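J.: JSON, C-alpha atoms, file model.json:
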[["chain", "number", "residue", "atom", "x", "y", "z"],
["A", 27, "MET", "CA", 30.73, -2.53, -6.31],
["A", 28, "HIS", "CA", 29.52, -2.78, -2.71],
["A", 29, "SER", "CA", 27.62, 0.15, -1.20],
["A", 30, "THR", "CA", 29.20, 2.04, 1.67],
["A", 31, "ILE", "CA", 25.88, 3.65, 2.59],
["A", 32, "SER", "CA", 24.70, 2.68, 6.06],
["A", 33, "ARG", "CA", 21.18, 1.43, 6.74],
["A", 34, "THR", "CA", 20.49, 4.52, 8.88],
["A", 35, "GLU", "CA", 21.77, 6.89, 6.21],
["A", 36, "PHE", "CA", 19.57, 5.23, 3.58],
["A", 37, "ARG", "CA", 16.47, 5.22, 5.82],
["A", 38, "ASN", "CA", 16.98, 8.91, 6.68],
["A", 39, "ALA", "CA", 17.32, 9.80, 3.02],
["A", 40, "MET", "CA", 14.20, 7.79, 2.09],
["A", 41, "ALA", "CA", 12.27, 9.62, 4.82],
["A", 42, "ARG", "CA", 12.77, 12.76, 2.70],
["A", 43, "VAL", "CA", 10.81, 11.19, -0.18],
["A", 44, "CYS", "CA", 7.12, 12.06, -0.11],
["A", 45, "ALA", "CA", 4.83, 9.10, -0.78],
["A", 46, "PRO", "CA", 1.12, 8.25, -0.70],
["A", 47, "VAL", "CA", -0.05, 6.05, 2.17],
["A", 48, "ASN", "CA", -1.77, 2.81, 1.17],
["A", 49, "VAL", "CA", -3.47, -0.05, 2.95],
["A", 50, "ILE", "CA", -2.70, -3.29, 1.14],
["A", 51, "THR", "CA", -5.32, -6.00, 1.72],
["A", 52, "THR", "CA", -5.79, -9.63, 0.79],
["A", 53, "ASN", "CA", -8.63, -12.08, 1.20],
["A", 54, "GLY", "CA", -8.79, -15.70, 0.13],
["A", 55, "ALA", "CA", -8.45, -19.31, 1.19],
["A", 56, "ALA", "CA", -5.47, -18.47, 3.44],
["A", 57, "GLY", "CA", -7.46, -15.76, 5.25],
["A", 58, "ARG", "CA", -7.79, -12.00, 5.40],
["A", 59, "GLY", "CA", -4.82, -9.72, 5.97],
["A", 60, "GLY", "CA", -3.60, -6.19, 5.51],
["A", 61, "PHE", "CA", -0.76, -3.78, 6.16],
["A", 62, "THR", "CA", 0.14, -0.13, 5.58],
["A", 63, "ALA", "CA", 2.76, 0.70, 2.95],
["A", 64, "THR", "CA", 4.19, 3.67, 1.12],
["A", 65, "ALA", "CA", 6.33, 1.47, -1.13],
["A", 66, "MET", "CA", 3.96, 1.06, -4.09],
["A", 67, "CYS", "CA", 4.36, 2.10, -7.70],
["A", 68, "SER", "CA", 3.31, 1.26, -11.23],
["A", 69, "VAL", "CA", 5.48, -1.12, -13.23],
["A", 70, "THR", "CA", 3.91, -1.07, -16.70],
["A", 71, "ASP", "CA", 0.61, -0.34, -18.41],
["A", 72, "GLU", "CA", 0.69, -3.36, -20.78],
["A", 73, "PRO", "CA", -0.60, -5.28, -18.93],
["A", 74, "PRO", "CA", -1.41, -2.84, -16.11],
["A", 75, "THR", "CA", 0.94, -3.91, -13.32],
["A", 76, "LEU", "CA", 2.11, -2.46, -10.03],
["A", 77, "LEU", "CA", 4.37, -3.49, -7.19],
["A", 78, "VAL", "CA", 4.22, -3.32, -3.42],
["A", 79, "CYS", "CA", 7.04, -3.95, -0.97],
["A", 80, "MET", "CA", 6.30, -5.99, 2.16],
["A", 81, "ASN", "CA", 8.68, -6.71, 5.02],
["A", 82, "SER", "CA", 9.64, -10.38, 4.78],
["A", 83, "ARG", "CA", 9.55, -10.71, 8.58],
["A", 84, "SER", "CA", 5.81, -10.00, 8.53],
["A", 85, "ALA", "CA", 3.71, -12.90, 9.75],
["A", 86, "GLN", "CA", 1.38, -12.11, 6.82],
["A", 87, "THR", "CA", 3.90, -12.79, 4.05],
["A", 88, "ALA", "CA", 2.75, -16.38, 3.46],
["A", 89, "LEU", "CA", -0.90, -15.28, 3.62],
["A", 90, "PHE", "CA", -0.46, -12.79, 0.74],
["A", 91, "ILE", "CA", 1.52, -15.25, -1.35],
["A", 92, "GLU", "CA", -0.86, -18.16, -0.73],
["A", 93, "ASN", "CA", -3.95, -16.02, -1.53],
["A", 94, "GLY", "CA", -2.30, -14.97, -4.80],
["A", 95, "ARG", "CA", -4.05, -11.59, -4.81],
["A", 96, "PHE", "CA", -4.01, -8.22, -3.12],
["A", 97, "CYS", "CA", -5.72, -4.84, -3.26],
["A", 98, "VAL", "CA", -3.90, -1.50, -2.99],
["A", 99, "ASN", "CA", -6.13, 1.11, -1.31],
["A", 100, "VAL", "CA", -4.83, 4.69, -1.60],
["A", 101, "LEU", "CA", -5.84, 6.54, 1.56],
["A", 102, "THR", "CA", -7.24, 10.03, 2.12],
["A", 103, "GLN", "CA", -6.43, 12.55, 4.85],
["A", 104, "GLU", "CA", -9.36, 11.12, 6.81],
["A", 105, "HIS", "CA", -7.67, 7.69, 7.06],
["A", 106, "LYS", "CA", -4.79, 8.54, 9.45],
["A", 107, "THR", "CA", -6.18, 6.34, 12.22],
["A", 108, "LEU", "CA", -6.83, 3.47, 9.80],
["A", 109, "ALA", "CA", -3.27, 3.78, 8.45],
["A", 110, "ALA", "CA", -1.89, 3.56, 11.99],
["A", 111, "SER", "CA", -4.07, 0.55, 12.75],
["A", 112, "PHE", "CA", -2.92, -1.40, 9.67],
["A", 113, "ALA", "CA", 0.68, -0.35, 10.38],
["A", 114, "GLY", "CA", 0.54, -2.46, 13.53],
["A", 115, "GLY", "CA", -1.22, -0.11, 15.94],
["A", 116, "GLU", "CA", -3.94, -2.75, 16.14],
["A", 117, "ALA", "CA", -2.79, -6.37, 16.33],
["A", 118, "ASP", "CA", -6.20, -7.98, 15.76],
["A", 119, "MET", "CA", -6.99, -8.21, 12.03],
["A", 120, "ALA", "CA", -10.76, -8.33, 12.59],
["A", 121, "ALA", "CA", -10.54, -5.07, 14.58],
["A", 122, "ARG", "CA", -8.51, -3.44, 11.80],
["A", 123, "TYR", "CA", -11.20, -4.28, 9.27],
["A", 124, "ALA", "CA", -14.03, -3.31, 11.65],
["A", 125, "ALA", "CA", -12.69, 0.27, 11.73],
["A", 126, "ALA", "CA", -13.75, 0.99, 8.11],
["A", 127, "GLU", "CA", -16.30, 0.14, 5.44],
["A", 128, "TRP", "CA", -15.23, -2.39, 2.80],
["A", 129, "THR", "CA", -16.56, -3.37, -0.62],
["A", 130, "ASN", "CA", -16.38, -6.98, -1.79],
["A", 131, "LEU", "CA", -14.73, -7.30, -5.20],
["A", 132, "ALA", "CA", -15.31, -9.99, -7.83],
["A", 133, "SER", "CA", -11.82, -11.38, -7.12],
["A", 134, "GLY", "CA", -12.64, -12.02, -3.48],
["A", 135, "ASN", "CA", -10.51, -9.13, -2.25],
["A", 136, "GLN", "CA", -12.00, -6.31, -0.22],
["A", 137, "ALA", "CA", -11.51, -2.67, -1.17],
["A", 138, "LEU", "CA", -11.76, 0.27, 1.20],
["A", 139, "ALA", "CA", -15.13, 1.81, 0.28],
["A", 140, "ASP", "CA", -13.91, 5.43, 0.47],
["A", 141, "ALA", "CA", -10.33, 5.03, -0.82],
["A", 142, "ILE", "CA", -9.24, 7.56, -3.45],
["A", 143, "VAL", "CA", -8.44, 4.59, -5.66],
["A", 144, "SER", "CA", -8.28, 0.83, -5.14],
["A", 145, "PHE", "CA", -6.27, -1.43, -7.43],
["A", 146, "ASP", "CA", -7.40, -5.05, -7.33],
["A", 147, "CYS", "CA", -4.45, -7.25, -8.31],
["A", 148, "THR", "CA", -3.59, -10.84, -9.11],
["A", 149, "LEU", "CA", -0.16, -11.71, -7.75],
["A", 150, "THR", "CA", 2.12, -12.56, -10.68],
["A", 151, "GLU", "CA", 5.46, -12.66, -8.87],
["A", 152, "ALA", "CA", 6.91, -12.42, -5.37],
["A", 153, "ARG", "CA", 10.62, -11.79, -5.12],
["A", 154, "LEU", "CA", 12.71, -11.51, -1.96],
["A", 155, "VAL", "CA", 15.20, -8.63, -2.10],
["A", 156, "GLY", "CA", 17.09, -8.01, 1.13],
["A", 157, "SER", "CA", 14.61, -7.54, 3.97],
["A", 158, "HIS", "CA", 11.50, -7.18, 1.77],
["A", 159, "ASN", "CA", 9.35, -9.12, -0.63],
["A", 160, "ILE", "CA", 8.44, -7.32, -3.82],
["A", 161, "LEU", "CA", 4.88, -8.33, -4.68],
["A", 162, "ILE", "CA", 4.12, -7.74, -8.35],
["A", 163, "GLY", "CA", 0.48, -7.77, -9.35],
["A", 164, "GLU", "CA", -1.49, -7.45, -12.54],
["A", 165, "VAL", "CA", -4.33, -4.98, -12.02],
["A", 166, "VAL", "CA", -7.65, -6.70, -12.80],
["A", 167, "ASP", "CA", -10.04, -4.00, -11.51],
["A", 168, "ILE", "CA", -9.91, -0.36, -10.43],
["A", 169, "ARG", "CA", -12.32, 1.57, -8.22],
["A", 170, "SER", "CA", -11.79, 5.33, -7.88],
["A", 171, "ARG", "CA", -13.39, 8.57, -6.83],
["A", 172, "ARG", "CA", -12.76, 12.16, -7.93],
["A", 173, "ASP", "CA", -12.77, 13.94, -4.57],
["A", 174, "GLY", "CA", -10.55, 13.72, -1.51],
["A", 175, "HIS", "CA", -6.93, 14.54, -0.76],
["A", 176, "ALA", "CA", -4.34, 11.78, -0.60],
["A", 177, "LEU", "CA", -2.75, 10.96, 2.73],
["A", 178, "LEU", "CA", 0.95, 11.59, 2.20],
["A", 179, "TYR", "CA", 3.94, 10.62, 4.30],
["A", 180, "PHE", "CA", 7.07, 12.78, 4.41],
["A", 181, "ASP", "CA", 9.89, 13.09, 6.93],
["A", 182, "ARG", "CA", 8.25, 10.42, 9.13],
["A", 183, "ASN", "CA", 5.00, 12.39, 9.42],
["A", 184, "TYR", "CA", 1.69, 12.68, 7.62],
["A", 185, "VAL", "CA", 1.53, 15.86, 5.55],
["A", 186, "HIS", "CA", -1.34, 17.75, 3.98],
["A", 187, "VAL", "CA", -1.32, 19.21, 0.49],
["A", 188, "PRO", "CA", -4.25, 21.69, 0.50],
["A", 189, "THR", "CA", -5.07, 21.71, -3.24],
["A", 190, "GLN", "CA", -4.87, 19.43, -6.22],
["A", 191, "ALA", "CA", -1.36, 19.59, -7.65],
["A", 192, "GLY", "CA", -2.38, 19.56, -11.31],
["A", 193, "SER", "CA", -0.56, 17.90, -14.17],
["A", 194, "PHE", "CA", 3.02, 18.19, -15.33],
["A", 195, "GLY", "CA", 1.81, 18.84, -18.86],
["A", 196, "GLY", "CA", 0.92, 22.46, -18.09]]
Can the structure in the file be given as structure tokens, please?

T.:
Amino acid sequence: MHSTISRTEFRNAMARVCAPVNVITTNGAAGRGGFTATAMCSVTDEPPTLLVCMNSRSAQTALFIENGRFCVNVLTQEHKTLAASFAGGEADMAARYAAAEWTNLASGNQALADAIVSFDCTLTEARLVGSHNILIGEVVDIRSRRDGHALLYFDRNYVHVPTQAGSFGG
């Protein structure tokens, strides 16, 4: 069955889904790169695996695939400017990285020093679906902190949740 949903209708509906803002980075033989994404989620916990979606028209696509690794950095409310920079507000990659403090990981990736959590991943699969590549990575290291409020994106704007939401378990 073929969908009758228009691209605009789908994009408007997806804008109503609240998501954390992440800067996805890579560093390796092909060079250093990074972009902002909200399309990130866990896949499985055995082995710990997550996925990130990256526009296939990005000039960085080959860089991420050739490096074979990436790091998902979950941003805080204080990272709005950094998010905008990695979303294309700053074209120069060196300038993007110069705007924050980074920690070198054993894999060769760089993690945002003050991210809420950073997932260091080895790329296990890249699959083109429509306009995006789905990058699937096995998590090989995690860095996290207990404080800070996640930078969230909803209805095409950053939103602030003033307190910790708590667990679903009651």

J.: Would you kindly return, as a PyMOL selection string, each protein, DNA or RNA residue with an atom no farther than 9 Å from any atom of region 99-112 of chain A, considering all atoms listed in the file and excluding same-chain residues fewer than 5 positions away?

T.: chain A and resi 46-51+60-63+117+119+121-123+125-126+137-138+140-146+174-178+184-186

J.: Taking all atoms listed in the file into account, name the residue in A:Thr70, A:Thr148, A:Asn38, A:Asn183 that is nearest to Val98 (chain A).

T.: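 For Val98 (chain A), the nearest of the given residues is A:Thr148.
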
J.: Might you pull out every residue within 9 Å of region 76-78 of chain A, with only C-alpha atoms counted and same-chain residues fewer than 3 positions away left off, and present them as a PyMOL selection string?

T.: chain A and resi 50+63-71+98+145+147+159-165

J.: One decimal, Å: what's the distance from CA of Val155 (chain A) over to CA of Asn93 (chain A), could you say?

T.: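 If I compute the distance from CA of Val155 (chain A) to CA of Asn93 (chain A), I get 20.5 Å.
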